[in-house]
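Source file: upload13.pdb (PDB, C-alpha atoms, pLDDT in the B column)
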ATOM      1  CA  MET R1462     110.955  79.982 103.714  1.00 47.00           C
ATOM      2  CA  ASP R1463     110.803  76.626 101.909  1.00 56.00           C
ATOM      3  CA  ASP R1464     108.251  75.317 104.455  1.00 62.00           C
ATOM      4  CA  MET R1465     106.073  78.370 103.900  1.00 57.00           C
ATOM      5  CA  LEU R1466     106.197  77.912 100.109  1.00 57.00           C
ATOM      6  CA  SER R1467     105.408  74.223 100.508  1.00 64.00           C
ATOM      7  CA  ASN R1468     102.351  75.036 102.655  1.00 65.00           C
ATOM      8  CA  LEU R1469     101.201  77.714 100.231  1.00 66.00           C
ATOM      9  CA  THR R1470     101.413  75.381  97.264  1.00 68.00           C
ATOM     10  CA  THR R1471      99.599  72.658  99.243  1.00 72.00           C
ATOM     11  CA  TYR R1472      96.806  74.818 100.668  1.00 80.00           C
ATOM     12  CA  GLY R1473      97.101  77.795  98.327  1.00 83.00           C
ATOM     13  CA  TYR R1474      94.084  76.980  96.181  1.00 89.00           C
ATOM     14  CA  LEU R1475      91.868  76.628  99.253  1.00 89.00           C
ATOM     15  CA  VAL R1476      93.194  79.941 100.597  1.00 87.00           C
ATOM     16  CA  VAL R1477      92.532  81.619  97.238  1.00 89.00           C
ATOM     17  CA  PHE R1478      88.947  80.304  97.259  1.00 92.00           C
ATOM     18  CA  LEU R1479      88.133  81.274 100.849  1.00 90.00           C
ATOM     19  CA  TYR R1480      89.821  84.657 100.663  1.00 88.00           C
ATOM     20  CA  SER R1481      88.232  85.493  97.298  1.00 89.00           C
ATOM     21  CA  LEU R1482      84.749  85.000  98.735  1.00 89.00           C
ATOM     22  CA  GLY R1483      85.236  88.299 100.565  1.00 83.00           C
ATOM     23  CA  GLY R1484      87.685  90.144  98.361  1.00 80.00           C
ATOM     24  CA  GLY R1485      90.711  88.120  97.543  1.00 81.00           C
ATOM     25  CA  PHE R1486      93.108  90.776  96.264  1.00 83.00           C
ATOM     26  CA  LEU R1487      96.103  89.631  98.303  1.00 84.00           C
ATOM     27  CA  ALA R1488      95.401  85.924  97.817  1.00 86.00           C
ATOM     28  CA  LEU R1489      95.166  86.322  94.046  1.00 89.00           C
ATOM     29  CA  LEU R1490      98.232  88.558  94.035  1.00 87.00           C
ATOM     30  CA  GLY R1491     100.131  85.894  95.977  1.00 86.00           C
ATOM     31  CA  ALA R1492      98.865  83.145  93.671  1.00 88.00           C
ATOM     32  CA  GLY R1493     100.073  85.125  90.653  1.00 88.00           C
ATOM     33  CA  VAL R1494     103.521  85.526  92.149  1.00 87.00           C
ATOM     34  CA  LEU R1495     103.656  81.849  93.150  1.00 87.00           C
ATOM     35  CA  SER R1496     102.598  80.966  89.609  1.00 88.00           C
ATOM     36  CA  PHE R1497     105.434  83.141  88.314  1.00 90.00           C
ATOM     37  CA  MET R1498     107.766  81.113  90.541  1.00 87.00           C
ATOM     38  CA  GLY R1499     106.316  77.849  89.207  1.00 87.00           C
ATOM     39  CA  LYS R1500     104.761  76.827  92.548  1.00 85.00           C
ATOM     40  CA  MET R1501     101.081  77.148  91.534  1.00 88.00           C
ATOM     41  CA  ASP R1502      99.058  76.948  88.320  1.00 90.00           C
ATOM     42  CA  LEU R1503      97.963  80.425  87.181  1.00 90.00           C
ATOM     43  CA  GLY R1504      94.894  79.286  85.229  1.00 93.00           C
ATOM     44  CA  LEU R1505      93.570  77.203  88.105  1.00 93.00           C
ATOM     45  CA  SER R1506      94.238  79.976  90.642  1.00 92.00           C
ATOM     46  CA  MET R1507      92.475  82.560  88.508  1.00 94.00           C
ATOM     47  CA  SER R1508      89.518  80.239  87.858  1.00 95.00           C
ATOM     48  CA  ILE R1509      89.101  79.555  91.569  1.00 94.00           C
ATOM     49  CA  ALA R1510      89.363  83.268  92.412  1.00 94.00           C
ATOM     50  CA  PHE R1511      86.805  84.170  89.728  1.00 96.00           C
ATOM     51  CA  ILE R1512      84.264  81.611  90.946  1.00 96.00           C
ATOM     52  CA  ALA R1513      84.710  82.496  94.629  1.00 95.00           C
ATOM     53  CA  ASN R1514      84.538  86.249  94.003  1.00 94.00           C
ATOM     54  CA  PHE R1515      81.353  85.840  91.972  1.00 95.00           C
ATOM     55  CA  ILE R1516      79.780  83.610  94.635  1.00 95.00           C
ATOM     56  CA  GLY R1517      80.760  85.966  97.478  1.00 93.00           C
ATOM     57  CA  ASP R1518      79.130  89.037  95.939  1.00 92.00           C
ATOM     58  CA  THR R1519      76.072  87.042  94.887  1.00 94.00           C
ATOM     59  CA  LEU R1520      75.648  85.835  98.476  1.00 93.00           C
ATOM     60  CA  LEU R1521      75.845  89.426  99.759  1.00 90.00           C
ATOM     61  CA  PHE R1522      73.214  90.492  97.227  1.00 91.00           C
ATOM     62  CA  TYR R1523      71.005  87.529  98.163  1.00 91.00           C
ATOM     63  CA  MET R1524      71.331  88.141 101.919  1.00 89.00           C
ATOM     64  CA  SER R1525      70.367  91.797 101.649  1.00 88.00           C
ATOM     65  CA  ARG R1526      67.531  91.054  99.217  1.00 88.00           C
ATOM     66  CA  TYR R1527      65.899  88.167 101.069  1.00 87.00           C
ATOM     67  CA  HIS R1528      67.083  88.617 104.668  1.00 84.00           C
ATOM     68  CA  LYS R1529      66.623  92.357 105.098  1.00 79.00           C
ATOM     69  CA  SER R1530      65.625  92.238 108.747  1.00 78.00           C
ATOM     70  CA  GLU R1531      68.779  90.353 109.756  1.00 78.00           C
ATOM     71  CA  MET R1532      70.986  92.548 107.554  1.00 76.00           C
ATOM     72  CA  MET R1533      69.507  95.817 108.836  1.00 75.00           C
ATOM     73  CA  GLU R1534      71.042  95.171 112.249  1.00 76.00           C
ATOM     74  CA  TYR R1535      74.491  95.164 110.634  1.00 74.00           C
ATOM     75  CA  LEU R1536      73.715  98.020 108.257  1.00 73.00           C
ATOM     76  CA  LYS R1537      72.512 100.408 111.009  1.00 75.00           C
ATOM     77  CA  LYS R1538      76.133 101.258 111.755  1.00 76.00           C
ATOM     78  CA  HIS R1539      76.878 101.958 108.096  1.00 73.00           C
ATOM     79  CA  LYS R1540      73.984 104.168 106.985  1.00 76.00           C
ATOM     80  CA  ARG R1541      76.234 106.862 105.528  1.00 78.00           C
ATOM     81  CA  LYS R1542      78.339 104.381 103.594  1.00 76.00           C
ATOM     82  CA  LEU R1543      75.202 102.648 102.369  1.00 76.00           C
ATOM     83  CA  ALA R1544      73.811 105.987 101.183  1.00 78.00           C
ATOM     84  CA  PHE R1545      77.150 106.670  99.496  1.00 79.00           C
ATOM     85  CA  SER R1546      76.854 103.314  97.724  1.00 78.00           C
ATOM     86  CA  HIS R1547      73.386 104.241  96.452  1.00 75.00           C
ATOM     87  CA  LEU R1548      74.762 107.597  95.266  1.00 80.00           C
ATOM     88  CA  LEU R1549      77.577 105.846  93.388  1.00 79.00           C
ATOM     89  CA  MET R1550      75.039 103.530  91.789  1.00 79.00           C
ATOM     90  CA  LYS R1551      72.978 106.502  90.597  1.00 80.00           C
ATOM     91  CA  ARG R1552      76.043 108.368  89.391  1.00 81.00           C
ATOM     92  CA  HIS R1553      77.861 105.529  87.625  1.00 77.00           C
ATOM     93  CA  GLY R1554      75.038 103.106  86.917  1.00 77.00           C
ATOM     94  CA  SER R1555      75.717  99.413  86.611  1.00 81.00           C
ATOM     95  CA  TRP R1556      79.431  99.999  85.972  1.00 85.00           C
ATOM     96  CA  ILE R1557      79.931 100.546  89.702  1.00 83.00           C
ATOM     97  CA  ILE R1558      79.448  96.771  90.100  1.00 83.00           C
ATOM     98  CA  ILE R1559      82.621  96.284  88.057  1.00 84.00           C
ATOM     99  CA  MET R1560      84.570  99.235  89.498  1.00 84.00           C
ATOM    100  CA  LYS R1561      83.897  98.308  93.111  1.00 83.00           C
ATOM    101  CA  LYS R1562      85.967  95.150  92.737  1.00 83.00           C
ATOM    102  CA  PHE R1563      89.036  97.400  92.814  1.00 81.00           C
ATOM    103  CA  ILE R1564      87.955  99.775  95.616  1.00 78.00           C
ATOM    104  CA  TYR R1565      88.546  98.536  99.132  1.00 75.00           C
ATOM    105  CA  GLY R1566      85.612  99.221 101.413  1.00 73.00           C
ATOM    106  CA  LEU R1567      83.013  99.287  98.658  1.00 76.00           C
ATOM    107  CA  LYS R1568      83.335  95.649  97.676  1.00 82.00           C
ATOM    108  CA  THR R1569      80.987  94.596 100.461  1.00 81.00           C
ATOM    109  CA  LEU R1570      78.664  97.588 100.581  1.00 81.00           C
ATOM    110  CA  ILE R1571      77.735  97.831  96.896  1.00 84.00           C
ATOM    111  CA  PRO R1572      76.168  94.331  96.645  1.00 88.00           C
ATOM    112  CA  LEU R1573      74.361  94.933  99.936  1.00 84.00           C
ATOM    113  CA  ALA R1574      73.024  98.286  98.744  1.00 83.00           C
ATOM    114  CA  ILE R1575      71.970  96.892  95.381  1.00 85.00           C
ATOM    115  CA  GLY R1576      70.265  93.954  97.081  1.00 86.00           C
ATOM    116  CA  LEU R1577      68.158  96.386  99.118  1.00 83.00           C
ATOM    117  CA  SER R1578      66.991  98.098  95.930  1.00 83.00           C
ATOM    118  CA  LYS R1579      64.745  96.737  93.174  1.00 86.00           C
ATOM    119  CA  TYR R1580      67.710  96.081  90.902  1.00 86.00           C
ATOM    120  CA  SER R1581      67.347  92.931  88.795  1.00 90.00           C
ATOM    121  CA  PHE R1582      69.165  89.864  90.121  1.00 92.00           C
ATOM    122  CA  TRP R1583      70.052  88.733  86.581  1.00 94.00           C
ATOM    123  CA  LYS R1584      71.435  92.130  85.632  1.00 92.00           C
ATOM    124  CA  PHE R1585      73.472  92.191  88.853  1.00 91.00           C
ATOM    125  CA  SER R1586      74.745  88.667  88.154  1.00 93.00           C
ATOM    126  CA  THR R1587      75.813  89.617  84.630  1.00 94.00           C
ATOM    127  CA  TYR R1588      77.764  92.682  85.768  1.00 93.00           C
ATOM    128  CA  ASN R1589      79.103  90.787  88.774  1.00 93.00           C
ATOM    129  CA  ALA R1590      80.462  88.025  86.496  1.00 95.00           C
ATOM    130  CA  LEU R1591      81.998  90.606  84.168  1.00 95.00           C
ATOM    131  CA  GLY R1592      83.530  92.453  87.120  1.00 93.00           C
ATOM    132  CA  ALA R1593      84.915  89.247  88.613  1.00 93.00           C
ATOM    133  CA  LEU R1594      86.429  88.329  85.252  1.00 95.00           C
ATOM    134  CA  VAL R1595      88.070  91.744  84.785  1.00 94.00           C
ATOM    135  CA  TRP R1596      89.309  91.734  88.379  1.00 93.00           C
ATOM    136  CA  THR R1597      90.745  88.227  88.034  1.00 95.00           C
ATOM    137  CA  VAL R1598      92.552  88.990  84.782  1.00 95.00           C
ATOM    138  CA  VAL R1599      93.952  92.328  85.999  1.00 93.00           C
ATOM    139  CA  VAL R1600      95.081  91.185  89.458  1.00 91.00           C
ATOM    140  CA  GLY R1601      96.026  87.573  88.685  1.00 91.00           C
ATOM    141  CA  GLY R1602      97.523  88.243  85.276  1.00 91.00           C
ATOM    142  CA  GLY R1603      99.229  91.434  86.455  1.00 91.00           C
ATOM    143  CA  SER R1604     100.843  89.761  89.454  1.00 89.00           C
ATOM    144  CA  TYR R1605     102.075  86.967  87.184  1.00 90.00           C
ATOM    145  CA  LEU R1606     103.496  89.392  84.609  1.00 88.00           C
ATOM    146  CA  PHE R1607     105.125  91.561  87.264  1.00 87.00           C
ATOM    147  CA  GLY R1608     106.104  88.644  89.510  1.00 84.00           C
ATOM    148  CA  GLY R1609     109.806  89.447  89.293  1.00 81.00           C
ATOM    149  CA  ALA R1610     109.275  93.060  90.350  1.00 82.00           C
ATOM    150  CA  LEU R1611     106.978  92.016  93.191  1.00 80.00           C
ATOM    151  CA  ILE R1612     109.552  89.534  94.447  1.00 80.00           C
ATOM    152  CA  GLU R1613     112.244  92.226  94.358  1.00 81.00           C
ATOM    153  CA  GLY R1614     109.911  94.587  96.235  1.00 79.00           C
ATOM    154  CA  TYR R1615     109.343  91.894  98.844  1.00 76.00           C
ATOM    155  CA  LYS R1616     113.092  91.426  99.238  1.00 80.00           C
ATOM    156  CA  MET R1617     113.538  95.177  99.692  1.00 78.00           C
ATOM    157  CA  VAL R1618     110.885  95.266 102.433  1.00 76.00           C
ATOM    158  CA  ALA R1619     112.393  92.136 104.037  1.00 78.00           C
ATOM    159  CA  ASP R1620     115.783  93.884 104.156  1.00 82.00           C
ATOM    160  CA  LYS R1621     114.221  97.065 105.596  1.00 81.00           C
ATOM    161  CA  PRO R1622     111.295  95.868 107.727  1.00 79.00           C
ATOM    162  CA  TYR R1623     110.399  99.398 108.883  1.00 81.00           C
ATOM    163  CA  LEU R1624     109.086 100.130 105.349  1.00 77.00           C
ATOM    164  CA  ALA R1625     106.135  97.705 105.596  1.00 77.00           C
ATOM    165  CA  PRO R1626     104.266  99.449 108.451  1.00 83.00           C
ATOM    166  CA  VAL R1627     104.939 102.847 106.907  1.00 83.00           C
ATOM    167  CA  MET R1628     103.510 101.710 103.561  1.00 80.00           C
ATOM    168  CA  LEU R1629     100.493 100.083 105.257  1.00 81.00           C
ATOM    169  CA  ILE R1630      99.775 103.239 107.256  1.00 88.00           C
ATOM    170  CA  ILE R1631      99.982 105.403 104.134  1.00 86.00           C
ATOM    171  CA  VAL R1632      97.743 103.145 102.023  1.00 81.00           C
ATOM    172  CA  GLY R1633      95.300 102.356 104.844  1.00 81.00           C
ATOM    173  CA  GLY R1634      95.160 105.988 105.911  1.00 86.00           C
ATOM    174  CA  SER R1635      94.484 107.113 102.351  1.00 85.00           C
ATOM    175  CA  VAL R1636      91.591 104.666 101.964  1.00 78.00           C
ATOM    176  CA  TRP R1637      90.149 105.637 105.359  1.00 82.00           C
ATOM    177  CA  PHE R1638      90.477 109.357 104.566  1.00 84.00           C
ATOM    178  CA  TYR R1639      88.790 108.938 101.186  1.00 80.00           C
ATOM    179  CA  LEU R1640      85.861 106.974 102.588  1.00 74.00           C
ATOM    180  CA  THR R1641      85.487 109.396 105.501  1.00 79.00           C
ATOM    181  CA  GLN R1642      85.452 112.410 103.180  1.00 78.00           C
ATOM    182  CA  ALA R1643      83.146 110.764 100.667  1.00 73.00           C
ATOM    183  CA  THR R1644      80.551 109.882 103.288  1.00 68.00           C
ATOM    184  CA  LYS R1645      80.860 113.086 105.346  1.00 70.00           C
ATOM    185  CA  LYS R1646      77.738 115.151 105.875  1.00 68.00           C
ATOM    186  CA  HIS R1647      77.963 118.368 103.812  1.00 63.00           C
TER     187      HIS R1647
END

Go ahead and express the file in the form of structure tokens.
Amino acid sequence: MDDMLSNLTTYGYLVVFLYSLGGGFLALLGAGVLSFMGKMDLGLSMSIAFIANFIGDTLLFYMSRYHKSEMMEYLKKHKRKLAFSHLLMKRHGSWIIIMKKFIYGLKTLIPLAIGLSKYSFWKFSTYNALGALVWTVVVGGGSYLFGGALIEGYKMVADKPYLAPVMLIIVGGSVWFYLTQATKKH
């Protein structure tokens, strides 16, 4: 366990950066808990996660805006989800750029869908920065504040290892069911 913590504190900031390019929830959660334990710096971890999350979504927007032909090959398999993303954009407006940071499965599709539209790059960047900031404060700050409870939860799962797969199946199944129902043809 000590070796793992040593590696995380050594390479943790790099992991937070790389993982936050594509989402970063678990990396930032882990960084918050490690900051609670005194193994990482919370401000630095949150700053790195914010920058990487902003860059990641901006790159997705850019790729779909300026490399449509290459992106369309990938997006052919996700037409329903892409249409669902456009529907969410119409229904919730620009706020979906902030909300999608917290919804697994939409984090990638929303910037791609917006990039395919005529949505302003500067407006997207503004909402993307605001969303990344809110996401960083909620996830990073929350995991730091509730670090003790998260550590106790980890110990409980470590003592009863059969709980982890059950919890993953329930959460993963719920997300899959929601996205399947939301994109189903009516």

Tell me, as a PDB file with C-alpha atoms, in the coordinates of the input, which residues lie within 10 Å of Ala1590 of chain R, counting only C-alpha atoms; anything in the same chain fewer than 5 positions away does not count.
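out.pdb, written as the output of this step:
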ATOM      1  CA  PHE R1511      86.805  84.170  89.728  1.00 96.00           C
ATOM      2  CA  ILE R1512      84.264  81.611  90.946  1.00 96.00           C
ATOM      3  CA  ASN R1514      84.538  86.249  94.003  1.00 94.00           C
ATOM      4  CA  PHE R1515      81.353  85.840  91.972  1.00 95.00           C
ATOM      5  CA  ILE R1516      79.780  83.610  94.635  1.00 95.00           C
ATOM      6  CA  ASP R1518      79.130  89.037  95.939  1.00 92.00           C
ATOM      7  CA  THR R1519      76.072  87.042  94.887  1.00 94.00           C
ATOM      8  CA  ILE R1558      79.448  96.771  90.100  1.00 83.00           C
ATOM      9  CA  ILE R1559      82.621  96.284  88.057  1.00 84.00           C
ATOM     10  CA  LYS R1584      71.435  92.130  85.632  1.00 92.00           C
ATOM     11  CA  PHE R1585      73.472  92.191  88.853  1.00 91.00           C
ATOM     12  CA  VAL R1595      88.070  91.744  84.785  1.00 94.00           C
ATOM     13  CA  TRP R1596      89.309  91.734  88.379  1.00 93.00           C
TER      14      TRP R1596
END

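This file, queried with the PyMOL selection byres ((chain R and resi 1564) around 12), gives the residues Gly1484, Phe1486, Ser1546, Ile1557, Ile1558, Ile1559, Met1560, Lys1561, Lys1562, Phe1563, Tyr1565, Gly1566, Leu1567, Lys1568, Thr1569, Leu1570, Ile1571, Trp1596, Ser1635, Val1636, Trp1637, Tyr1639 and Leu1640 of chain R.
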
Worksheet item: Applied to the shown file, which residues does the PyMOL selection byres ((chain R and resi 1490-1492) around 7) return, written as a ChimeraX atom specification?
Response: /R:1486-1489,1493-1496,1501,1506,1600-1601,1604

Mind dumping the selected residues with C-alpha atoms as a PDB file, keeping the file's coordinate frame?
ATOM      1  CA  PHE R1486      93.108  90.776  96.264  1.00 83.00           C
ATOM      2  CA  LEU R1487      96.103  89.631  98.303  1.00 84.00           C
ATOM      3  CA  ALA R1488      95.401  85.924  97.817  1.00 86.00           C
ATOM      4  CA  LEU R1489      95.166  86.322  94.046  1.00 89.00           C
ATOM      5  CA  GLY R1493     100.073  85.125  90.653  1.00 88.00           C
ATOM      6  CA  VAL R1494     103.521  85.526  92.149  1.00 87.00           C
ATOM      7  CA  LEU R1495     103.656  81.849  93.150  1.00 87.00           C
ATOM      8  CA  SER R1496     102.598  80.966  89.609  1.00 88.00           C
ATOM      9  CA  MET R1501     101.081  77.148  91.534  1.00 88.00           C
ATOM     10  CA  SER R1506      94.238  79.976  90.642  1.00 92.00           C
ATOM     11  CA  VAL R1600      95.081  91.185  89.458  1.00 91.00           C
ATOM     12  CA  GLY R1601      96.026  87.573  88.685  1.00 91.00           C
ATOM     13  CA  SER R1604     100.843  89.761  89.454  1.00 89.00           C
TER      14      SER R1604
END

Fill in: Residues selected by the PyMOL selection byres ((chain R and resi 1543) around 12), written as JSON, numbers by chain
{"R": [1525, 1533, 1535, 1536, 1537, 1538, 1539, 1540, 1541, 1542, 1544, 1545, 1546, 1547, 1548, 1549, 1550, 1566, 1567, 1568, 1569, 1570, 1571, 1572, 1573, 1574, 1575, 1576, 1577, 1578, 1640, 1643, 1644]}

Worksheet item: Which is closer to Tyr1580 of chain R than all the others in R:Ile1630, R:Phe1607, R:Gly1614, R:Arg1526, using only C-alpha atoms?
Response: R:Arg1526

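The nearest approach to Gly1517 of chain R among the residues R:Gly1483, R:Gly1504, R:Gly1499, R:Gly1608, with only C-alpha atoms taken into account, belongs to R:Gly1483.
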
Discussion item. Need the shell around Ser1508 of chain R: protein/DNA/RNA residues with any atom at most 10 Å away, counting all atoms listed in the file. Skip same-chain ones fewer than 6 positions apart. Format as a list in words?
Written reply: Val1477, Phe1478, Asn1514, Leu1594, Thr1597, Val1598 and Gly1601 of chain R

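Interatomic distance, atom CA of Trp1556 of chain R against atom CA of Tyr1588 of chain R: 7.5 Å.
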
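Proximity to Leu1505 of chain R was assessed for R:Gly1634, R:Gly1473, R:Gly1603, R:Gly1609 counting all atoms listed in the file; the smallest distance is recorded for R:Gly1473.
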
Item to complete: For atom CA of Met1498 of chain R and atom CA of Tyr1605 of chain R, quote the distance in Å rounded to one decimal.
Response: 8.8 Å

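Taking atom CA of Leu1611 of chain R and atom CA of Leu1482 of chain R as the two end points, the separation is 24.0 Å.
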
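Between Phe1497 of chain R and the candidates R:Ile1509, R:Ala1625, R:Val1618, R:Ile1612, the tightest atom-to-atom separation, counting all atoms listed in the file, involves R:Ile1612.
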